[in-house]
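**Student:** What follows is a structure written as structure tokens; I'll ask about it next.
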Amino acid sequence: MPRLEIGDKAPAFTLTSDSGKEVSLADYAGKHLVIFFYPAAMTPGCTKEACDFRDSLATLQGAGYEVVGISPDKPEKLAKFVEKESLTYPLLADPDKQVLEAYGAYGEKKLYGKTVVGVIRSTIVVGPEGTVELARYNVKATGHVASLSKALQLV
């Protein structure tokens, strides 16, 4: 799956959120949007990453960035995750993995030394014009938000 690069047009999407609402990339037109792709709600690494985004949301929003998380989980599981971890931004369900694939966040990856096919933990920042401003693939769950904040010059 090809990966997105800075300057690429971000693929359009409409997905169901943890609250059952449809959320589209178009909803964020004119804004900066941080999209983080993660393998599964309620797993240790994904929980750490989701909570880091929650804890950094005020800083990100203060700098004009909105945040959404996308995983292959169903909306019902995402709703439980949001409630359990008090997440304050939308999580979007992509069970057929079309958006994950369009963003280059699904495919072959190394896991414990083996090549497997799955979600590649990734973060894409989409600018107000709908183009990719930052694309990071195979990110670590821990410390990723701090590294992202640095790259966006928020710290």
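Within each chain, counting starts at residue 1; across the structure tokens, chains are named A, B, ... in the order shown, with ligands numbered 1 upward in that order.
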Hey, what's within 12 Å of range 82-88 of chain A if we count only C-alpha atoms and toss same-chain stuff fewer than 3 positions away? As a ChimeraX atom specification, please?

**Tutor:** /A:17-19,41-44,46-58,61,66-69,75-79,91-92

**Student:** Per DSSP on the backbone, filter range 75-124 of chain A down to the residues in alpha helix (DSSP H) and report them as a list in words.

**Tutor:** Pro75, Glu76, Lys77, Leu78, Ala79, Lys80, Phe81, Val82, Glu83, Lys84, Glu85, Gln98, Val99, Leu100, Glu101 and Ala102 of chain A

**Student:** I need the chosen residues saved as a compact mmCIF listing (two decimals), in the first residue's frame, with N, CA and C atoms.

**Tutor:**
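again_16.txt, written as the output of this step:
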```
# COMPACT_ATOMS: atom_id res chain seq x y z
N PRO A 75 -18.13 0.57 16.18
CA PRO A 75 -18.49 1.74 17.00
C PRO A 75 -18.82 1.39 18.46
N GLU A 76 -19.43 0.24 18.69
CA GLU A 76 -19.80 -0.14 20.06
C GLU A 76 -18.56 -0.32 20.94
N LYS A 77 -17.52 -0.93 20.39
CA LYS A 77 -16.29 -1.11 21.16
C LYS A 77 -15.62 0.24 21.39
N LEU A 78 -15.66 1.10 20.37
CA LEU A 78 -15.07 2.43 20.51
C LEU A 78 -15.79 3.23 21.59
N ALA A 79 -17.11 3.10 21.67
CA ALA A 79 -17.88 3.81 22.69
C ALA A 79 -17.44 3.38 24.09
N LYS A 80 -17.20 2.08 24.26
CA LYS A 80 -16.73 1.58 25.57
C LYS A 80 -15.34 2.13 25.89
N PHE A 81 -14.48 2.18 24.87
CA PHE A 81 -13.11 2.70 25.03
C PHE A 81 -13.15 4.17 25.44
N VAL A 82 -13.97 4.95 24.76
CA VAL A 82 -14.10 6.39 25.06
C VAL A 82 -14.57 6.58 26.49
N GLU A 83 -15.57 5.78 26.88
CA GLU A 83 -16.10 5.90 28.23
C GLU A 83 -15.08 5.48 29.28
N LYS A 84 -14.44 4.35 29.05
CA LYS A 84 -13.47 3.80 30.02
C LYS A 84 -12.30 4.75 30.23
N GLU A 85 -11.81 5.37 29.16
CA GLU A 85 -10.61 6.21 29.24
C GLU A 85 -10.92 7.71 29.23
N GLN A 98 -11.02 0.29 4.62
CA GLN A 98 -10.82 1.07 3.38
C GLN A 98 -10.06 2.37 3.63
N VAL A 99 -10.39 3.05 4.72
CA VAL A 99 -9.70 4.32 5.03
C VAL A 99 -8.27 4.02 5.49
N LEU A 100 -8.11 3.01 6.32
CA LEU A 100 -6.76 2.61 6.75
C LEU A 100 -5.89 2.34 5.52
N GLU A 101 -6.43 1.61 4.54
CA GLU A 101 -5.66 1.31 3.33
C GLU A 101 -5.39 2.56 2.51
N ALA A 102 -6.40 3.43 2.38
CA ALA A 102 -6.24 4.66 1.58
C ALA A 102 -5.14 5.55 2.15
```

**Student:** Write down as an MDAnalysis selection string the residues of chain A whose backbone DSSP state falls under strand (DSSP E or B).

**Tutor:** chainID A and resid 9 14:17 22:24 32:37 65:71 91:93 106:111 114:119 122:126 131:137

**Student:** With distances taken over only C-alpha atoms, which residue among A:Gly62, A:Gly7, A:Pro128, A:Ile120 lies nearest Asp27 in chain A?

**Tutor:**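 Nearest to Asp27 in chain A: A:Pro128.
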
**Student:** May I ask which of the residues A:Pro2, A:Gly20, A:Pro72, A:Gly30 is the closest one to Gly130 in chain A, counting only C-alpha atoms?

**Tutor:**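 Going through A:Pro2, A:Gly20, A:Pro72, A:Gly30 one by one, the smallest distance to Gly130 in chain A is for A:Gly30.
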
**Student:** Excluding Lys31 in chain A and residues on its chain fewer than 5 positions from it, collect all residues at most 12 Å away from it, counting only C-alpha atoms, and give them as a PyMOL selection string.

**Tutor:** chain A and resi 25-26+60-61+63-67+125-131+133

**Student:** Could you check the closest approach to Thr123 in chain A for each of A:Tyr28, A:Tyr38, A:Phe13, A:Tyr106 and tell me which residue wins, using only C-alpha atoms?

**Tutor:**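 Ranked by minimum distance to Thr123 in chain A, first place goes to A:Tyr38.
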
**Student:** So what do you get for CA of Gly104 in chain A versus CA of Ser122 in chain A, distance-wise?

**Tutor:**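 Between these atoms lies a distance of 8.5 Å.
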
**Student:** Here is a test: counting only C-alpha atoms, which residue of A:Gln153, A:Thr59, A:Thr142, A:Ser147 is nearest to Gly45 in chain A?

**Tutor:**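 The closest residue to Gly45 in chain A is A:Thr142.
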
**Student:** Using only C-alpha atoms, pick whichever of A:His32, A:Thr16, A:Tyr103, A:Ser149 has the shortest atom-to-atom distance to Lys74 in chain A.

**Tutor:**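 Checking each candidate against Lys74 in chain A, we get A:Thr16 as the closest.
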
**Student:** Give me, as a short mmCIF file (atom, residue, chain, number, x, y, z; two decimals) with N, CA and C atoms, in the first residue's frame, all polymer residues having an atom no more than 10 Å from Arg136 in chain A, counting only C-alpha atoms and skipping those fewer than 6 positions away in the same chain.

**Tutor:**
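Ended up saving to selection-v8.cif:
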```
data_model
loop_
_atom_site.label_atom_id
_atom_site.label_comp_id
_atom_site.auth_asym_id
_atom_site.auth_seq_id
_atom_site.Cartn_x
_atom_site.Cartn_y
_atom_site.Cartn_z
N ARG A 3 2.26 4.86 0.73
CA ARG A 3 2.12 5.76 1.87
C ARG A 3 1.93 7.18 1.38
N LEU A 4 1.25 7.97 2.20
CA LEU A 4 1.03 9.37 1.85
C LEU A 4 2.31 10.17 2.14
N GLU A 5 2.48 11.21 1.35
CA GLU A 5 3.64 12.09 1.52
C GLU A 5 3.13 13.50 1.71
N PHE A 36 -4.93 9.79 13.89
CA PHE A 36 -4.03 8.71 14.27
C PHE A 36 -4.73 7.38 14.07
N ALA A 105 -2.08 3.01 6.10
CA ALA A 105 -1.93 2.59 7.49
C ALA A 105 -2.36 1.14 7.71
N ARG A 121 0.59 1.44 12.96
CA ARG A 121 0.35 2.62 13.81
C ARG A 121 0.95 3.84 13.10
N SER A 122 0.09 4.78 12.75
CA SER A 122 0.50 5.91 11.92
C SER A 122 -0.25 7.17 12.34
N THR A 123 0.33 8.30 12.02
CA THR A 123 -0.33 9.58 12.26
C THR A 123 -0.16 10.46 11.03
N ILE A 124 -1.27 11.00 10.57
CA ILE A 124 -1.27 11.89 9.42
C ILE A 124 -1.86 13.23 9.87
N VAL A 125 -1.19 14.31 9.53
CA VAL A 125 -1.74 15.65 9.81
C VAL A 125 -2.20 16.23 8.48
N HIS A 144 4.85 9.13 21.39
CA HIS A 144 4.54 9.59 20.04
C HIS A 144 3.93 10.99 20.04
N LEU A 148 5.23 14.23 18.14
CA LEU A 148 4.37 14.92 17.17
C LEU A 148 4.26 16.41 17.52
#
```
